[in-house]
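Okay, input39.cif is below, mmCIF, C-alpha atoms and all ligand atoms:
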data_coords
#
loop_
_atom_site.label_atom_id
_atom_site.label_comp_id
_atom_site.auth_asym_id
_atom_site.auth_seq_id
_atom_site.Cartn_x
_atom_site.Cartn_y
_atom_site.Cartn_z
CA MET N 1 24.06 -37.77 0.77
CA GLY N 2 24.63 -35.98 4.06
CA GLU N 3 27.62 -34.04 5.30
CA LYS N 4 30.92 -35.83 5.59
CA LEU N 5 32.18 -36.80 9.02
CA ASN N 6 35.02 -34.55 10.18
CA LEU N 7 37.93 -36.60 11.46
CA GLY N 8 40.93 -35.70 13.57
CA VAL N 9 43.63 -38.37 13.71
CA LEU N 10 46.31 -38.67 16.38
CA VAL N 11 49.49 -40.61 15.63
CA SER N 12 52.80 -41.26 17.34
CA GLY N 13 54.62 -43.32 14.75
CA ARG N 14 54.69 -44.73 11.25
CA GLY N 15 50.98 -44.12 10.65
CA SER N 16 50.06 -47.19 8.60
CA ASN N 17 46.58 -47.09 10.14
CA LEU N 18 46.31 -43.43 9.18
CA GLN N 19 47.27 -44.49 5.65
CA SER N 20 44.50 -47.10 5.62
CA ILE N 21 42.03 -44.34 6.56
CA ILE N 22 43.41 -42.00 3.87
CA ASP N 23 43.12 -44.83 1.31
CA ALA N 24 39.57 -45.66 2.36
CA VAL N 25 38.55 -42.01 1.93
CA GLU N 26 40.26 -41.86 -1.48
CA GLU N 27 38.55 -45.05 -2.61
CA GLY N 28 35.13 -43.89 -1.43
CA ARG N 29 34.80 -46.59 1.23
CA LEU N 30 34.84 -43.98 3.97
CA GLU N 31 32.68 -40.89 3.79
CA ALA N 32 34.80 -38.67 5.94
CA SER N 33 36.95 -35.61 5.70
CA LEU N 34 40.38 -35.67 7.32
CA LYS N 35 40.53 -32.26 8.95
CA ILE N 36 43.72 -32.55 10.95
CA VAL N 37 46.46 -34.98 11.99
CA LEU N 38 48.27 -34.31 15.26
CA SER N 39 51.27 -36.02 16.81
CA ASP N 40 53.15 -35.92 20.08
CA ARG N 41 56.30 -36.79 18.12
CA GLU N 42 57.96 -34.46 15.70
CA ASP N 43 59.46 -37.33 13.72
CA ALA N 44 56.25 -39.35 13.38
CA PHE N 45 56.08 -40.61 9.82
CA GLY N 46 52.30 -40.28 10.05
CA LEU N 47 52.71 -36.48 9.89
CA GLU N 48 54.55 -36.86 6.60
CA ARG N 49 51.89 -39.12 5.18
CA ALA N 50 49.26 -36.51 6.02
CA ARG N 51 51.23 -33.61 4.56
CA LYS N 52 51.79 -35.54 1.35
CA GLN N 53 48.03 -35.73 1.11
CA GLY N 54 47.60 -32.01 1.75
CA ILE N 55 46.09 -32.63 5.17
CA ASP N 56 46.86 -30.17 7.95
CA ALA N 57 49.43 -31.95 10.14
CA GLU N 58 50.97 -30.63 13.32
CA TRP N 59 53.39 -31.74 15.96
CA VAL N 60 52.10 -30.79 19.40
CA ASP N 61 55.19 -30.85 21.57
CA PRO N 62 54.46 -32.27 25.04
CA SER N 63 57.57 -30.74 26.65
CA PRO N 64 56.26 -27.22 27.42
CA HIS N 65 53.15 -28.67 29.07
CA ALA N 66 53.21 -29.25 32.79
CA GLY N 67 51.17 -32.46 32.80
CA ARG N 68 48.89 -34.71 30.83
CA GLU N 69 45.82 -32.52 31.28
CA ASP N 70 47.63 -29.37 30.21
CA TYR N 71 48.83 -31.10 27.06
CA ASP N 72 45.42 -32.56 26.32
CA ARG N 73 43.83 -29.13 26.67
CA ALA N 74 46.07 -27.90 23.85
CA VAL N 75 45.22 -30.93 21.69
CA VAL N 76 41.48 -30.61 22.35
CA ALA N 77 41.64 -26.91 21.39
CA LYS N 78 43.25 -27.79 18.05
CA LEU N 79 40.68 -30.51 17.36
CA ARG N 80 37.82 -28.13 18.14
CA GLU N 81 39.35 -25.43 16.00
CA ALA N 82 39.42 -27.91 13.12
CA ASP N 83 35.75 -28.72 13.72
CA VAL N 84 36.50 -32.38 14.45
CA GLU N 85 33.53 -34.61 15.30
CA LEU N 86 35.33 -37.94 15.73
CA VAL N 87 38.84 -38.34 17.13
CA VAL N 88 40.76 -41.35 15.85
CA LEU N 89 43.75 -42.70 17.76
CA ALA N 90 45.89 -44.46 15.16
CA GLY N 91 48.93 -45.63 17.07
CA PHE N 92 48.82 -42.73 19.51
CA MET N 93 50.91 -43.82 22.45
CA ARG N 94 49.76 -41.41 25.15
CA ILE N 95 47.06 -42.12 27.69
CA LEU N 96 44.28 -39.56 27.48
CA SER N 97 43.30 -37.57 30.55
CA PRO N 98 39.67 -37.52 31.75
CA LEU N 99 39.51 -33.93 30.44
CA PHE N 100 40.17 -35.17 26.89
CA VAL N 101 37.80 -38.15 27.22
CA GLU N 102 34.99 -35.96 28.56
CA SER N 103 35.53 -33.38 25.82
CA PHE N 104 34.78 -36.05 23.19
CA ARG N 105 32.64 -38.55 25.09
CA ASN N 106 32.06 -41.67 22.91
CA ARG N 107 33.62 -39.73 20.07
CA ILE N 108 37.15 -41.11 20.40
CA MET N 109 38.07 -44.40 18.73
CA ASN N 110 41.24 -46.36 19.35
CA ILE N 111 42.76 -49.39 17.68
CA HIS N 112 44.56 -51.91 19.83
CA PRO N 113 46.58 -54.88 18.54
CA ALA N 114 45.02 -57.58 20.74
CA LEU N 115 41.61 -59.05 21.48
CA LEU N 116 40.58 -56.91 24.44
CA PRO N 117 40.04 -57.31 27.31
CA SER N 118 43.03 -59.66 26.94
CA PHE N 119 46.39 -57.97 26.75
CA PRO N 120 45.82 -54.27 27.31
CA GLY N 121 48.87 -52.00 27.37
CA LEU N 122 52.08 -52.29 25.39
CA HIS N 123 54.01 -55.04 23.56
CA VAL N 124 50.83 -57.05 23.44
CA GLN N 125 51.66 -59.19 20.42
CA GLN N 126 54.65 -60.65 22.28
CA LYS N 127 52.52 -61.04 25.39
CA ALA N 128 49.94 -63.05 23.44
CA ILE N 129 52.70 -65.35 22.14
CA ASP N 130 54.32 -65.71 25.58
CA HIS N 131 50.99 -66.53 27.15
CA GLY N 132 50.39 -69.27 24.60
CA ALA N 133 47.15 -67.74 23.31
CA ARG N 134 45.83 -69.53 20.22
CA PHE N 135 44.19 -66.38 18.93
CA SER N 136 44.99 -62.75 19.11
CA GLY N 137 43.83 -59.96 16.83
CA CYS N 138 42.78 -56.37 17.00
CA THR N 139 40.07 -54.32 18.63
CA VAL N 140 38.52 -51.00 17.71
CA HIS N 141 36.90 -49.43 20.76
CA PHE N 142 35.64 -46.17 22.12
CA VAL N 143 38.00 -44.59 24.60
CA ASP N 144 36.94 -44.16 28.20
CA THR N 145 39.06 -43.04 31.12
CA GLY N 146 40.69 -46.46 31.59
CA VAL N 147 43.53 -47.93 29.56
CA ASP N 148 42.11 -49.97 26.64
CA THR N 149 38.86 -50.53 28.54
CA GLY N 150 36.19 -48.70 26.53
CA PRO N 151 33.18 -50.19 24.68
CA ILE N 152 34.23 -52.54 21.88
CA ILE N 153 33.03 -51.73 18.37
CA ILE N 154 34.68 -54.36 16.19
CA GLN N 155 37.29 -57.09 16.55
CA ALA N 156 39.20 -59.29 14.13
CA ALA N 157 40.66 -62.57 15.36
CA VAL N 158 43.99 -63.81 14.06
CA PRO N 159 45.44 -67.24 14.87
CA VAL N 160 48.75 -67.40 16.71
CA LEU N 161 50.95 -69.89 14.87
CA ASP N 162 53.65 -72.10 16.37
CA GLY N 163 56.45 -70.35 14.51
CA ASP N 164 55.24 -66.83 15.24
CA THR N 165 57.61 -64.09 16.29
CA GLU N 166 56.47 -60.71 17.56
CA GLU N 167 57.12 -59.38 14.07
CA SER N 168 55.20 -62.02 12.14
CA LEU N 169 52.18 -61.90 14.44
CA SER N 170 52.21 -58.09 14.47
CA GLY N 171 52.22 -58.08 10.68
CA ARG N 172 49.27 -60.45 10.44
CA ILE N 173 47.32 -58.42 13.00
CA LEU N 174 48.20 -55.13 11.29
CA LYS N 175 46.63 -56.34 8.02
CA GLN N 176 43.36 -56.80 9.87
CA GLU N 177 43.72 -53.42 11.62
CA HIS N 178 43.80 -51.81 8.20
CA ARG N 179 40.52 -53.51 7.31
CA VAL N 180 38.49 -52.99 10.46
CA PHE N 181 39.47 -49.46 11.47
CA PRO N 182 38.15 -47.67 8.35
CA LYS N 183 35.07 -49.88 8.57
CA ALA N 184 34.36 -48.89 12.18
CA ILE N 185 34.74 -45.21 11.28
CA GLN N 186 32.40 -45.62 8.32
CA LEU N 187 29.79 -47.26 10.59
CA TYR N 188 30.06 -44.20 12.81
CA ALA N 189 29.78 -41.88 9.79
CA GLU N 190 26.59 -43.71 8.80
CA GLY N 191 25.19 -43.13 12.28
CA ARG N 192 24.80 -46.87 12.80
CA ILE N 193 26.63 -47.20 16.11
CA ARG N 194 24.74 -47.12 19.40
CA VAL N 195 26.44 -47.46 22.77
CA ARG N 196 24.47 -48.89 25.68
CA GLY N 197 26.64 -49.16 28.75
CA ARG N 198 29.57 -51.35 27.78
CA ARG N 199 27.87 -52.78 24.72
CA VAL N 200 27.95 -51.40 21.22
CA PHE N 201 25.16 -52.19 18.78
CA ILE N 202 25.45 -51.75 15.03
CA ASP N 203 22.17 -50.94 13.30
CA GLY N 204 21.56 -53.48 10.54
CA GLY N 205 24.82 -55.13 11.43
CA GLU N 206 23.79 -58.60 12.54
CA GLU N 207 25.93 -61.05 10.59
CA GLU N 208 24.31 -64.31 9.59
CA ASN N 209 27.29 -66.57 9.68
CA GLY N 210 25.34 -69.44 11.19
CA GLY N 211 27.31 -69.33 14.42
CA GLN N 212 30.42 -70.22 12.47
CA CYS N 213 33.49 -70.22 14.67
CA LEU N 214 37.22 -70.28 14.32
CA VAL N 215 39.28 -73.03 15.89
CA ASN N 216 43.06 -72.99 16.15
CA PRO N 217 44.69 -75.44 15.69
CA PRO N 218 41.99 -76.66 13.28
CA LEU N 219 39.99 -79.71 14.38
CA GLY N 220 40.10 -82.92 12.38
CA ARG N 221 43.76 -82.92 11.52
C1 LIG N 301 49.24 -50.45 15.62
O1 LIG N 301 49.54 -51.83 15.66
C2 LIG N 301 48.23 -50.10 16.68
O2 LIG N 301 47.28 -51.10 16.88
C3 LIG N 301 49.12 -49.93 17.88
O3 LIG N 301 50.26 -49.28 17.40
C4 LIG N 301 50.44 -49.61 16.04
C5 LIG N 301 50.56 -48.33 15.25
O4 LIG N 301 50.92 -48.59 13.92
N1 LIG N 301 48.48 -49.19 18.92
C6 LIG N 301 48.69 -49.40 20.21
O5 LIG N 301 49.43 -50.25 20.64
C7 LIG N 301 47.89 -48.49 21.12
N2 LIG N 301 48.09 -48.87 22.48
P1 LIG N 301 50.76 -47.48 12.82
O6 LIG N 301 51.46 -46.22 13.35
O7 LIG N 301 51.48 -48.04 11.62
O8 LIG N 301 49.31 -47.27 12.57
#

Translate this file's structure into structure tokens.
Amino acid sequence: MGEKLNLGVLVSGRGSNLQSIIDAVEEGRLEASLKIVLSDREDAFGLERARKQGIDAEWVDPSPHAGREDYDRAVVAKLREADVELVVLAGFMRILSPLFVESFRNRIMNIHPALLPSFPGLHVQQKAIDHGARFSGCTVHFVDTGVDTGPIIIQAAVPVLDGDTEESLSGRILKQEHRVFPKAIQLYAEGRIRVRGRRVFIDGGEEENGGQCLVNPPLGR
């Protein structure tokens, strides 16, 4: 077996996606080494989760930095120092500057709680409900210089139900986030991801599901 993939994870909040990555590593589903966890928020629970695991975890305070690029330079330096190969945004709520994106070109993955390109930005579970979408879900994608616009690696679709609230839909989507994010990282660790323009190809990843599709509400009722 080859070297493990060195990960750096950025969080802003509770860090349940970080936890799903930690768990996947522990359970041997993800051949990666968590080198460092960084946060823009001192009180991010994700930092605590990392520390509990003995992972180097640091708050990088944005306030002394003049602008986005200045802050990102500090974050990039820490990631490089930790020998990070893949940067994972797990609920990191800052937009990355071109400097950051170029420093780790096609080596930054983000998870977003909607089926991109629908509903980029914030509060997207509520937006999906308000729009009347029948499906939402989550997307793991590489980060480019736009907001939630980079090449899509994997998506999970979740039906929007009549009685859904922002909370209930978010919870159902989050369960899928915890499944697909570690998987996408493992595909990267296995060297099976190729990016051609906007499209991402997974070596040996063609699913034979016979063109099976999801319909919501179900037909025939
Ligand atoms: C997740 O739902 C993630 O998809 C979302 O924030 C949540 C973080 O939860 N990310 C974004 O909205 C990025 N724009 P977590 O801290 O428990 O992983």

- Message: Quick one: residues within 10 Å of stretch 209-220 of chain N, all atoms listed in the file, excluding same-chain residues fewer than 5 positions away - as a list of chain:residue names?
- Response: N:Ala133, N:Arg134, N:Phe135, N:Ala157, N:Val158, N:Pro159, N:Val160, N:Leu161, N:Asp162

- Just the residues within 8 Å of N:Glu31, please, counting all atoms listed in the file, with nothing from its chain fewer than 6 positions along; format it as a list of chain:residue names.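 My reading of the contact set: N:Lys4, N:Leu5, N:Val25, N:Gln186, N:Ala189.
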
- Please identify every polymer residue within 10 Å of ligand LIG 301 (chain N), using all atoms listed in the file, and present the set as a ChimeraX atom specification. /N:10-21,44-46,89-95,110-114,120-125,137-140,147-148,170-171,173-178,181

- Message: Considering all atoms listed in the file, can you say which of N:Lys78, N:Lys183, N:Lys127, N:Arg194 comes closest to N:Asp164?
- Response: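 Ranked by minimum distance to N:Asp164, first place goes to N:Lys127.
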
- Item | Proximity to N:Gly54 - best of N:Ile22, N:Ile154, N:Ala82, N:Ala32, only C-alpha atoms | N:Ile22

List the spatial neighbours of N:Arg80 as a PDB file with C-alpha atoms, in the coordinates of the input - criterion: any atom at most 10 Å away, all atoms listed in the file, same-chain residues fewer than 3 positions off excluded.
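And here's out_27.pdb as it stands now:
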ATOM      1  CA  GLY N   8      40.930 -35.700  13.570  1.00  0.00           C
ATOM      2  CA  VAL N  75      45.220 -30.930  21.690  1.00  0.00           C
ATOM      3  CA  VAL N  76      41.480 -30.610  22.350  1.00  0.00           C
ATOM      4  CA  ALA N  77      41.640 -26.910  21.390  1.00  0.00           C
ATOM      5  CA  ASP N  83      35.750 -28.720  13.720  1.00  0.00           C
ATOM      6  CA  VAL N  84      36.500 -32.380  14.450  1.00  0.00           C
ATOM      7  CA  GLU N  85      33.530 -34.610  15.300  1.00  0.00           C
ATOM      8  CA  SER N 103      35.530 -33.380  25.820  1.00  0.00           C
ATOM      9  CA  PHE N 104      34.780 -36.050  23.190  1.00  0.00           C
TER      10      PHE N 104
END

Could you pull out every residue with an atom within 10 Å of (38.3, -44.4, 30.5), file coordinates, counting all atoms listed in the file, and send them as a PDB file with C-alpha atoms, in the coordinates of the input?
ATOM      1  CA  ILE N  95      47.060 -42.120  27.690  1.00  0.00           C
ATOM      2  CA  LEU N  96      44.280 -39.560  27.480  1.00  0.00           C
ATOM      3  CA  SER N  97      43.300 -37.570  30.550  1.00  0.00           C
ATOM      4  CA  PRO N  98      39.670 -37.520  31.750  1.00  0.00           C
ATOM      5  CA  VAL N 101      37.800 -38.150  27.220  1.00  0.00           C
ATOM      6  CA  GLU N 102      34.990 -35.960  28.560  1.00  0.00           C
ATOM      7  CA  ARG N 105      32.640 -38.550  25.090  1.00  0.00           C
ATOM      8  CA  PHE N 142      35.640 -46.170  22.120  1.00  0.00           C
ATOM      9  CA  VAL N 143      38.000 -44.590  24.600  1.00  0.00           C
ATOM     10  CA  ASP N 144      36.940 -44.160  28.200  1.00  0.00           C
ATOM     11  CA  THR N 145      39.060 -43.040  31.120  1.00  0.00           C
ATOM     12  CA  GLY N 146      40.690 -46.460  31.590  1.00  0.00           C
ATOM     13  CA  VAL N 147      43.530 -47.930  29.560  1.00  0.00           C
ATOM     14  CA  ASP N 148      42.110 -49.970  26.640  1.00  0.00           C
ATOM     15  CA  THR N 149      38.860 -50.530  28.540  1.00  0.00           C
ATOM     16  CA  GLY N 150      36.190 -48.700  26.530  1.00  0.00           C
ATOM     17  CA  PRO N 151      33.180 -50.190  24.680  1.00  0.00           C
TER      18      PRO N 151
END

- Would you mind reading off the distance between atom CA of N:Ile108 and atom CA of N:Leu187, one decimal, in Å?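 According to the coordinates, atom CA of N:Ile108 and atom CA of N:Leu187 are separated by 13.7 Å.
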